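**Q** Below is a structure I'd like to ask you about.
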Amino acid sequence: MEEIEISTISGNNPHASVIIRNACKRYSPSAVILNGLNLTVPEGTIYGLLGPSGCGKTTLLNCVVGRTYLDAGSIQLRVKKRSEVGYMPQTLNLHDQMTILENFFFYGYLFGMSNENIQARAIDLMAFLDLPSGHRFVNTLSGGQQRRVSIAVAFIHDPKILILDEPTVGLDPVLSRSIWDRLLEMTKKGKSIIITTHYIQEARQANTIGLMRGGVLLAEESPITLMEKHGCADLEEAFLLLSHKQETQSKDMNLVYPKSSRPVKTYFEDDNKTFSRKKFRGIMYKNLTLLKREYIFMVFVVILPILQTYLFNTAIGRKPKNLHLAVVNDEISTSDCSYSAYTGCFLDENQTVALSCLYMEFLQNETYTLVEYYNDTTALMDVRKNKVWGLLHFTENYTRSLAHRVAGGVNVNAEDITYSNLNTWIDLSNQYIGNFIRYDIVRSMISFLKQALKNCQENPKIGTLPLSFEQPIFGSFDENFISYASTAILCLCCFFFPSILTGGLVLTEKLGGMMERMMVAGATMIEMMTSIVLIQMVVHIIQTTLVMILMYLVFDNPMEGSLFTLSVLMFITGISGMFFGFMLAVINTDMTITAYSGIGTNIVLCFTSGLVWPIEAEHYLLRSVSWIFPLTWTVDAARGICSKSYSFLHPFVLRGFGSTIAWNLIFIYVIYFFMKYKKDMWNIQK
Ligand SMILES: Nc1ncnc2c1ncn2[C@@H]1O[C@H](COP(=O)(O)OP(=O)(O)OP(=O)(O)O)[C@@H](O)[C@H]1O
């Protein structure tokens, strides 16, 4: 069988800029993309990588720039630093909410360039690539213009090696021609360029052509040599011929995919440096520029926390108003009750007062509107029709019987017991309103009896249950649901907002491929995380301050302890929210799933943090594990600080701080774990 001589270029070329040997890469056992591929790019040349769609050109380039990893083989670059490589991915991966110039400055900073240098390069590139005004936003440009911006970003730092994945797709022939001319000009200055293209004729201008198919190179020669060697008139014919030869040959080949020991990564010297001030400045510049553009983000930052706290305080925990209650009063017509201060003694047989009026006076306030009915049947019918919430029925001899019941003590007769009873029927289908009505009926009865007995110069305690509630140790008698839930709402705000903001920011950049392009340009995870955490901290402080001002100054919720201790706890809670959002963005590759997991987690936290209902009332199985959830002990500690004035050293508060810090560490560990073991997690296949 005729042997195919693949390359006269490879070998130990001392002037090669890129040398790839035995490159193997697969995405799954059945999806082998590179299968022992060898490639050599001589210095100062253009290398045109050709091959059918899906043959693995992009995968190979991704491995060269370190976007993804080889399973086996080696990649050697003649350059040492990331800033010596310019990379243009197939998808644009640009920040399209930034202007052309802002993108140039951002990448320029990442490559350590000065303002003047970036400015000078920008003017040159904009003229060469025929770009519109540098102040145009990338998302307002045409597809071709965006592609040219992407080329310019790869060129901005005048790198020694350029890796361009289909740069001329969608460009007009005149512009493509000028790009090729520029590339040829660059090779004269010693630059090496790898370019992929589907336009085979265009590739004739390359110094070397690599024909890729089936995970290997079929040939690697200059275009002329390639055609002459195979007796073909054009490159297309040569490619078809070689493909055919490979097909016949591969039947006899029995390639064994090597067992990968550990992933092979292109190594750059600056990969060891986890933090550089210059790159950090670039990342901060980009993040702050994006923030300026994000109006919705500003809504999240300022308006949403205010709105949420305001709505919470105005919608929840207050007493209902204007509840209609039916009254059937057989003792006196309600309209005849004078509702003036009643001073006579009902125990006095000569008094003709109707005590039912006094009771109604106690009950009647802004919560209740009493509606007079003349019989129970009509009133109960209206309860069923939802016109009134319940019925109070006073008997004909209510006052007299009550007087006999109080005066008679244990000797009172059964008839007086029956007639002195206030009968009530309440709609309890709405638990909150039903409970309000029940509580107020009892409270009014106790107050009214006390008043009536006081008027008789009797001890008012005769009319109450034999128990008394002394001054509360913590809290007050008019404590309501808001006081109980305000700390939980504060903790949830502090956790929720940073988590969705961070998750959203990181995932947008991850899915848009910007994260990867930045990493290829040398940005490290530490630099990116530091920048996000710093910005989010400022945002978090603004949000928490606004929420606390509303909660404790405007709405006067209980705040007995140290505001400082509470603020520190909320600050750490916000940081754990940030890391949680970051973790979601690292794990997920889908915006919808991330949104669901973020919102879902927050709903779970709502239920398990004691916001809606006390933890003490949870099912015992849930209760035994609910302390594990991120906010359970935090809310407990915050509640202790706010309503019980617990100091930092109180075990409850220490426990809250401990749990919040532990959750921070857990989230950081999961992020670290994913980034360590899923090396190409930022490489999103579009
Ligand atoms: N992250 C990934 N996970 C799984 N499969 C992938 C991934 N990235 C690429 N592939 C698959 O690997 C194969 C090679 O893809 P690649 O993008 O490298 O081809 P290509 O030669 O650049 O194609 P084109 O010319 O169309 O851009 C394709 O079948 C693609 O679906």
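By convention here, the chains of the structure tokens are called A, B, ... in the order presented, each chain's residues are numbered starting at 1, and ligands are numbered starting at 1 in the order presented.
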Considering only C-alpha atoms, return as JSON, numbers by chain whatever protein or nucleic-acid residues lie within 10 Å of Gly190 of chain A, sequence-local ones (same chain, fewer than 4 positions apart) excluded.

**A** {"A": [17, 42, 43, 44, 45, 160, 161, 185, 186]}

**Q** Any chance you can output those residues with C-alpha atoms as an mmCIF file, in the first residue's frame?

**A**
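part_10.cif, freshly written:
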```
data_model
loop_
_atom_site.group_PDB
_atom_site.id
_atom_site.type_symbol
_atom_site.label_atom_id
_atom_site.label_comp_id
_atom_site.auth_asym_id
_atom_site.auth_seq_id
_atom_site.Cartn_x
_atom_site.Cartn_y
_atom_site.Cartn_z
ATOM 1 C CA SER A 17 6.650 28.610 17.080
ATOM 2 C CA PRO A 42 7.405 27.460 11.605
ATOM 3 C CA GLU A 43 8.269 30.857 12.999
ATOM 4 C CA GLY A 44 7.265 33.876 10.909
ATOM 5 C CA THR A 45 4.683 32.001 8.834
ATOM 6 C CA LYS A 160 4.146 37.083 18.662
ATOM 7 C CA ILE A 161 1.738 34.235 17.992
ATOM 8 C CA GLU A 185 3.046 41.747 6.586
ATOM 9 C CA MET A 186 3.115 40.593 10.206
#
```

**Q** Could you please extract the residues within 9 Å of ligand 1, counting only C-alpha atoms and all ligand atoms, and hand them back as number ranges by chain?

**A** A: 26-28, 31-34, 50-62, 68, 90, 165-166, 196-198, 212-213, 680-681, 683-686

**Q** Can you spit out the residues from that selection as a compact mmCIF listing (two decimals), in the first residue's frame, using C-alpha atoms?

**A**
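As a result, out.txt now contains:
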```
# COMPACT_ATOMS: atom_id res chain seq x y z
CA ARG A 26 -11.91 13.10 23.32
CA TYR A 27 -15.10 14.38 24.92
CA SER A 28 -16.38 10.84 25.52
CA ALA A 31 -16.24 11.18 20.57
CA VAL A 32 -12.51 11.04 19.82
CA ILE A 33 -11.57 14.41 18.32
CA LEU A 34 -7.76 14.32 18.19
CA LEU A 50 -8.27 23.28 6.99
CA GLY A 51 -10.73 20.48 7.52
CA PRO A 52 -14.41 19.60 7.35
CA SER A 53 -16.81 21.08 9.86
CA GLY A 54 -16.66 19.26 13.19
CA CYS A 55 -13.24 17.67 12.54
CA GLY A 56 -11.76 19.31 15.63
CA LYS A 57 -9.98 22.48 14.45
CA THR A 58 -11.47 24.64 17.21
CA THR A 59 -10.77 21.94 19.80
CA LEU A 60 -7.14 21.86 18.73
CA LEU A 61 -6.80 25.67 18.95
CA ASN A 62 -8.55 25.63 22.33
CA THR A 68 -9.13 23.08 27.27
CA GLN A 90 -14.81 31.40 16.67
CA ASP A 165 -10.48 30.79 14.46
CA GLU A 166 -12.32 31.63 11.25
CA THR A 196 -8.69 28.24 10.42
CA THR A 197 -10.93 28.86 7.46
CA HIS A 198 -13.51 27.15 5.31
CA MET A 212 -7.11 17.86 9.20
CA ARG A 213 -9.48 14.91 9.19
CA ASP A 680 -12.56 23.00 31.16
CA MET A 681 -15.72 24.10 32.96
CA ASN A 683 -15.31 26.18 27.97
CA ILE A 684 -18.94 26.35 26.96
CA GLN A 685 -19.85 24.61 23.72
CA LYS A 686 -22.16 26.95 21.79
```

**Q** I need the residue nearest Met88 of chain A from this list: A:Arg517, A:His650, A:Phe280, A:Leu325. Use only C-alpha atoms for the distance.

**A**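 Of the candidates, the smallest distance to Met88 of chain A is held by A:Arg517.
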
**Q** Taking into account only C-alpha atoms, which residue in the set A:Thr395, A:Gln471, A:Ser83, A:Thr632 is nearest to Tyr109 of chain A?

**A**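 Closest residue, counting only C-alpha atoms: A:Ser83.
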
**Q** Give the strand (DSSP E) residues of segment 159-293 of chain A, as assigned by DSSP on the backbone, as a VMD selection string.

**A** chain A and resid 161 to 165 192 to 196 208 to 213 216 to 221

**Q** Using the selection just defined, write its residues with N, CA and C atoms as a PDB file, in the first residue's frame.

**A**
```
ATOM      1  N   ILE A 161       2.481  35.328  18.631  1.00  0.00           N
ATOM      2  CA  ILE A 161       1.738  34.235  17.992  1.00  0.00           C
ATOM      3  C   ILE A 161       0.268  34.631  17.941  1.00  0.00           C
ATOM      4  N   LEU A 162      -0.342  34.476  16.758  1.00  0.00           N
ATOM      5  CA  LEU A 162      -1.766  34.808  16.633  1.00  0.00           C
ATOM      6  C   LEU A 162      -2.541  33.542  16.298  1.00  0.00           C
ATOM      7  N   ILE A 163      -3.605  33.330  17.028  1.00  0.00           N
ATOM      8  CA  ILE A 163      -4.420  32.151  16.759  1.00  0.00           C
ATOM      9  C   ILE A 163      -5.819  32.630  16.419  1.00  0.00           C
ATOM     10  N   LEU A 164      -6.207  32.465  15.169  1.00  0.00           N
ATOM     11  CA  LEU A 164      -7.451  33.060  14.691  1.00  0.00           C
ATOM     12  C   LEU A 164      -8.386  31.964  14.173  1.00  0.00           C
ATOM     13  N   ASP A 165      -9.528  31.840  14.838  1.00  0.00           N
ATOM     14  CA  ASP A 165     -10.479  30.789  14.457  1.00  0.00           C
ATOM     15  C   ASP A 165     -11.542  31.397  13.543  1.00  0.00           C
ATOM     16  N   SER A 192       4.010  34.560  14.090  1.00  0.00           N
ATOM     17  CA  SER A 192       3.493  33.284  13.577  1.00  0.00           C
ATOM     18  C   SER A 192       1.984  33.273  13.750  1.00  0.00           C
ATOM     19  N   ILE A 193       1.295  32.758  12.748  1.00  0.00           N
ATOM     20  CA  ILE A 193      -0.174  32.839  12.778  1.00  0.00           C
ATOM     21  C   ILE A 193      -0.783  31.483  12.417  1.00  0.00           C
ATOM     22  N   ILE A 194      -1.698  31.038  13.273  1.00  0.00           N
ATOM     23  CA  ILE A 194      -2.492  29.859  12.898  1.00  0.00           C
ATOM     24  C   ILE A 194      -3.889  30.372  12.600  1.00  0.00           C
ATOM     25  N   ILE A 195      -4.407  29.982  11.450  1.00  0.00           N
ATOM     26  CA  ILE A 195      -5.719  30.492  11.067  1.00  0.00           C
ATOM     27  C   ILE A 195      -6.566  29.329  10.541  1.00  0.00           C
ATOM     28  N   THR A 196      -7.802  29.261  10.989  1.00  0.00           N
ATOM     29  CA  THR A 196      -8.693  28.237  10.416  1.00  0.00           C
ATOM     30  C   THR A 196      -9.639  28.946   9.464  1.00  0.00           C
ATOM     31  N   THR A 208       1.907  27.562   5.078  1.00  0.00           N
ATOM     32  CA  THR A 208       1.745  26.121   5.275  1.00  0.00           C
ATOM     33  C   THR A 208       0.260  25.806   5.381  1.00  0.00           C
ATOM     34  N   ILE A 209      -0.101  24.650   4.830  1.00  0.00           N
ATOM     35  CA  ILE A 209      -1.489  24.212   4.967  1.00  0.00           C
ATOM     36  C   ILE A 209      -1.482  22.907   5.758  1.00  0.00           C
ATOM     37  N   GLY A 210      -2.347  22.833   6.773  1.00  0.00           N
ATOM     38  CA  GLY A 210      -2.518  21.570   7.493  1.00  0.00           C
ATOM     39  C   GLY A 210      -3.920  21.057   7.183  1.00  0.00           C
ATOM     40  N   LEU A 211      -3.992  19.879   6.556  1.00  0.00           N
ATOM     41  CA  LEU A 211      -5.316  19.328   6.235  1.00  0.00           C
ATOM     42  C   LEU A 211      -5.704  18.339   7.327  1.00  0.00           C
ATOM     43  N   MET A 212      -6.747  18.649   8.024  1.00  0.00           N
ATOM     44  CA  MET A 212      -7.105  17.857   9.204  1.00  0.00           C
ATOM     45  C   MET A 212      -8.345  17.017   8.921  1.00  0.00           C
ATOM     46  N   ARG A 213      -8.314  15.784   9.368  1.00  0.00           N
ATOM     47  CA  ARG A 213      -9.484  14.914   9.194  1.00  0.00           C
ATOM     48  C   ARG A 213      -9.311  13.686  10.090  1.00  0.00           C
ATOM     49  N   VAL A 216      -6.469  13.532  12.846  1.00  0.00           N
ATOM     50  CA  VAL A 216      -5.041  13.662  12.511  1.00  0.00           C
ATOM     51  C   VAL A 216      -4.876  14.637  11.355  1.00  0.00           C
ATOM     52  N   LEU A 217      -3.620  14.981  11.050  1.00  0.00           N
ATOM     53  CA  LEU A 217      -3.367  15.790   9.855  1.00  0.00           C
ATOM     54  C   LEU A 217      -3.111  14.839   8.687  1.00  0.00           C
ATOM     55  N   LEU A 218      -3.814  15.089   7.584  1.00  0.00           N
ATOM     56  CA  LEU A 218      -3.584  14.260   6.393  1.00  0.00           C
ATOM     57  C   LEU A 218      -2.318  14.716   5.681  1.00  0.00           C
ATOM     58  N   ALA A 219      -2.061  16.022   5.778  1.00  0.00           N
ATOM     59  CA  ALA A 219      -0.860  16.576   5.145  1.00  0.00           C
ATOM     60  C   ALA A 219      -0.524  17.903   5.781  1.00  0.00           C
ATOM     61  N   GLU A 220       0.737  18.267   5.663  1.00  0.00           N
ATOM     62  CA  GLU A 220       1.192  19.550   6.220  1.00  0.00           C
ATOM     63  C   GLU A 220       2.317  20.057   5.317  1.00  0.00           C
ATOM     64  N   GLU A 221       1.935  20.883   4.375  1.00  0.00           N
ATOM     65  CA  GLU A 221       2.908  21.352   3.377  1.00  0.00           C
ATOM     66  C   GLU A 221       2.563  22.766   2.954  1.00  0.00           C
TER      67      GLU A 221
END
```

**Q** I'd like to know which of A:Ser447, A:Ser645, A:Thr589, A:Gln246 is closest to Leu511 of chain A, using only C-alpha atoms.

**A** A:Thr589

**Q** Contacts of segment 613-625 of chain A at 12 Å or less, counting only C-alpha atoms, minus same-chain residues fewer than 3 places along, as a compact mmCIF listing (two decimals) with N, CA and C atoms, in the first residue's frame?

**A**
```txt
# COMPACT_ATOMS: atom_id res chain seq x y z
N PHE A 481 -46.20 40.13 64.48
CA PHE A 481 -45.48 39.22 63.59
C PHE A 481 -44.27 39.90 62.95
N TYR A 484 -41.27 39.69 64.99
CA TYR A 484 -40.73 38.33 64.97
C TYR A 484 -39.97 38.07 63.67
N ALA A 485 -40.59 38.49 62.55
CA ALA A 485 -40.04 38.09 61.25
C ALA A 485 -39.00 39.07 60.70
N ALA A 488 -35.48 37.75 60.28
CA ALA A 488 -35.37 36.73 59.24
C ALA A 488 -35.38 37.37 57.86
N VAL A 604 -36.60 27.60 50.18
CA VAL A 604 -36.31 26.62 51.23
C VAL A 604 -35.82 27.34 52.50
N LEU A 605 -34.94 28.33 52.28
CA LEU A 605 -34.40 29.06 53.43
C LEU A 605 -35.52 29.83 54.16
N CYS A 606 -36.47 30.34 53.38
CA CYS A 606 -37.62 31.05 53.98
C CYS A 606 -38.36 30.12 54.95
N PHE A 607 -38.56 28.87 54.49
CA PHE A 607 -39.33 27.93 55.31
C PHE A 607 -38.55 27.41 56.51
N THR A 608 -37.24 27.25 56.31
CA THR A 608 -36.47 26.57 57.36
C THR A 608 -35.78 27.54 58.32
N SER A 609 -35.85 28.83 58.02
CA SER A 609 -35.15 29.78 58.89
C SER A 609 -36.06 30.35 59.97
N GLY A 610 -37.30 29.87 60.01
CA GLY A 610 -38.22 30.37 61.03
C GLY A 610 -38.88 31.68 60.63
N ILE A 628 -28.81 22.66 59.93
CA ILE A 628 -27.76 22.59 58.90
C ILE A 628 -27.92 23.72 57.88
N PHE A 629 -29.16 24.15 57.63
CA PHE A 629 -29.38 25.13 56.57
C PHE A 629 -28.64 26.44 56.86
N PRO A 630 -28.21 27.12 55.79
CA PRO A 630 -27.31 28.27 55.98
C PRO A 630 -27.83 29.39 56.87
N LEU A 631 -29.15 29.60 56.90
CA LEU A 631 -29.60 30.78 57.64
C LEU A 631 -30.21 30.48 59.01
N THR A 632 -30.39 29.21 59.35
CA THR A 632 -31.12 28.89 60.57
C THR A 632 -30.49 29.53 61.82
N TRP A 633 -29.22 29.25 62.02
CA TRP A 633 -28.56 29.78 63.22
C TRP A 633 -28.24 31.27 63.08
N VAL A 635 -30.25 33.47 61.64
CA VAL A 635 -31.49 34.17 62.02
C VAL A 635 -31.66 34.13 63.54
N ASP A 636 -31.36 32.99 64.13
CA ASP A 636 -31.46 32.84 65.58
C ASP A 636 -30.58 33.87 66.30
```

**Q** Excluding Arg293 of chain A and residues on its chain fewer than 5 positions from it, collect all residues at most 12 Å away from it, counting only C-alpha atoms, and give them as an mmCIF file with C-alpha atoms, in the first residue's frame.

**A**
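Listed below is the output, part-v1.cif:
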```cif
data_model
loop_
_atom_site.group_PDB
_atom_site.id
_atom_site.type_symbol
_atom_site.label_atom_id
_atom_site.label_comp_id
_atom_site.auth_asym_id
_atom_site.auth_seq_id
_atom_site.Cartn_x
_atom_site.Cartn_y
_atom_site.Cartn_z
ATOM 1 C CA HIS A 95 -18.603 42.332 26.184
ATOM 2 C CA ASP A 96 -21.302 43.635 23.927
ATOM 3 C CA GLN A 97 -22.602 46.173 26.429
ATOM 4 C CA MET A 98 -19.266 47.939 26.259
ATOM 5 C CA THR A 99 -18.104 50.185 23.440
ATOM 6 C CA PHE A 137 -21.595 49.776 21.652
ATOM 7 C CA LYS A 286 -14.528 46.191 32.891
ATOM 8 C CA ASN A 287 -16.792 45.387 35.870
ATOM 9 C CA LEU A 288 -17.374 49.031 36.766
ATOM 10 C CA MET A 298 -29.193 49.511 39.770
ATOM 11 C CA VAL A 299 -32.840 48.652 40.386
#
```

**Q** Need to verify the contact set: Glu396 of chain A, 12 Å, only C-alpha atoms, exclusion of same-chain residues closer than 4 positions in sequence. Can you return it as a PyMOL selection string?

**A** chain A and resi 328-333+354-356+400-402+416+418-422

**Q** Compare A:Ile200, A:Leu37, A:Cys491, A:Cys357 by their minimum atom-to-atom distance to Thr309 of chain A, counting only C-alpha atoms, and give me the closest one.

**A** A:Cys491

**Q** Of the candidates A:Asp440, A:Leu550, A:Val538, A:Tyr646, which one gets nearest to Thr565 of chain A if we count only C-alpha atoms?

**A**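 Closest to Thr565 of chain A of all the choices is A:Tyr646.
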
**Q** Quick one: residues within 12 Å of Ile417 of chain A, only C-alpha atoms, excluding same-chain residues fewer than 5 positions away - as an MDAnalysis selection string?

**A** chainID A and resid 395 397:412 422:423

**Q** Output N, CA and C atoms for every residue in that selection, as a short mmCIF file (atom, residue, chain, number, x, y, z; two decimals), in the first residue's frame.

**A**
```
data_model
loop_
_atom_site.label_atom_id
_atom_site.label_comp_id
_atom_site.auth_asym_id
_atom_site.auth_seq_id
_atom_site.Cartn_x
_atom_site.Cartn_y
_atom_site.Cartn_z
N THR A 395 -78.19 37.60 74.90
CA THR A 395 -79.55 37.15 75.23
C THR A 395 -80.37 38.32 75.79
N ASN A 397 -81.83 38.61 78.67
CA ASN A 397 -81.53 38.98 80.06
C ASN A 397 -80.04 39.04 80.34
N TYR A 398 -79.30 39.44 79.36
CA TYR A 398 -77.84 39.35 79.46
C TYR A 398 -77.29 40.05 80.71
N THR A 399 -77.64 41.32 80.91
CA THR A 399 -77.05 42.09 82.00
C THR A 399 -77.47 41.55 83.36
N ARG A 400 -78.78 41.28 83.49
CA ARG A 400 -79.28 40.78 84.79
C ARG A 400 -78.62 39.44 85.12
N SER A 401 -78.60 38.55 84.10
CA SER A 401 -78.04 37.21 84.35
C SER A 401 -76.56 37.30 84.70
N LEU A 402 -75.86 38.22 84.03
CA LEU A 402 -74.44 38.38 84.32
C LEU A 402 -74.24 38.88 85.75
N ALA A 403 -75.13 39.83 86.16
CA ALA A 403 -75.05 40.35 87.54
C ALA A 403 -75.27 39.22 88.53
N HIS A 404 -76.28 38.35 88.26
CA HIS A 404 -76.54 37.21 89.16
C HIS A 404 -75.37 36.25 89.17
N ARG A 405 -74.77 36.06 88.02
CA ARG A 405 -73.65 35.10 87.90
C ARG A 405 -72.45 35.59 88.71
N VAL A 406 -72.17 36.91 88.61
CA VAL A 406 -71.02 37.46 89.34
C VAL A 406 -71.33 37.48 90.84
N ALA A 407 -72.56 37.93 91.18
CA ALA A 407 -72.90 38.06 92.60
C ALA A 407 -73.15 36.70 93.25
N GLY A 408 -73.71 35.76 92.47
CA GLY A 408 -74.10 34.47 93.05
C GLY A 408 -72.95 33.52 93.26
N GLY A 409 -71.85 33.71 92.54
CA GLY A 409 -70.69 32.83 92.69
C GLY A 409 -71.09 31.39 92.41
N VAL A 410 -70.75 30.48 93.37
CA VAL A 410 -71.02 29.06 93.14
C VAL A 410 -72.51 28.73 93.22
N ASN A 411 -73.32 29.69 93.76
CA ASN A 411 -74.75 29.39 93.91
C ASN A 411 -75.60 29.84 92.71
N VAL A 412 -74.94 30.30 91.66
CA VAL A 412 -75.69 30.81 90.52
C VAL A 412 -76.48 29.67 89.86
N LEU A 422 -72.22 34.96 76.27
CA LEU A 422 -72.21 35.60 74.94
C LEU A 422 -71.91 34.50 73.93
N ASN A 423 -72.91 34.19 73.08
CA ASN A 423 -72.71 33.12 72.10
C ASN A 423 -72.10 33.70 70.82
#
```

**Q** Could you go through segment 513-685 of chain A and tell me which residues DSSP, when run on the backbone, assigns to alpha helix (DSSP H), listing them as an MDAnalysis selection string?

**A** chainID A and resid 514:520 525:548 563:587 591:608 620:626 632:644 651:677

**Q** Measuring atom to atom with only C-alpha atoms, identify which of A:Tyr87, A:Tyr669, A:Phe104, A:Phe657 is nearest to Leu125 of chain A.

**A**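 Of the candidates, the smallest distance to Leu125 of chain A is held by A:Phe104.
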
**Q** Can you pull out the residues contacting Thr377 of chain A? Cut-off 12 Å, using only C-alpha atoms, and skip same-chain residues under 2 positions away; I want them as a list in words.

**A**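 Skipping anything fewer than 2 positions along the chain leaves Ala326, Val327, Val328, Tyr373, Tyr374, Asn375, Ala379, Leu380, Met381, Asp382, Val383, Arg384, Leu391, His393 and Trp425 of chain A.
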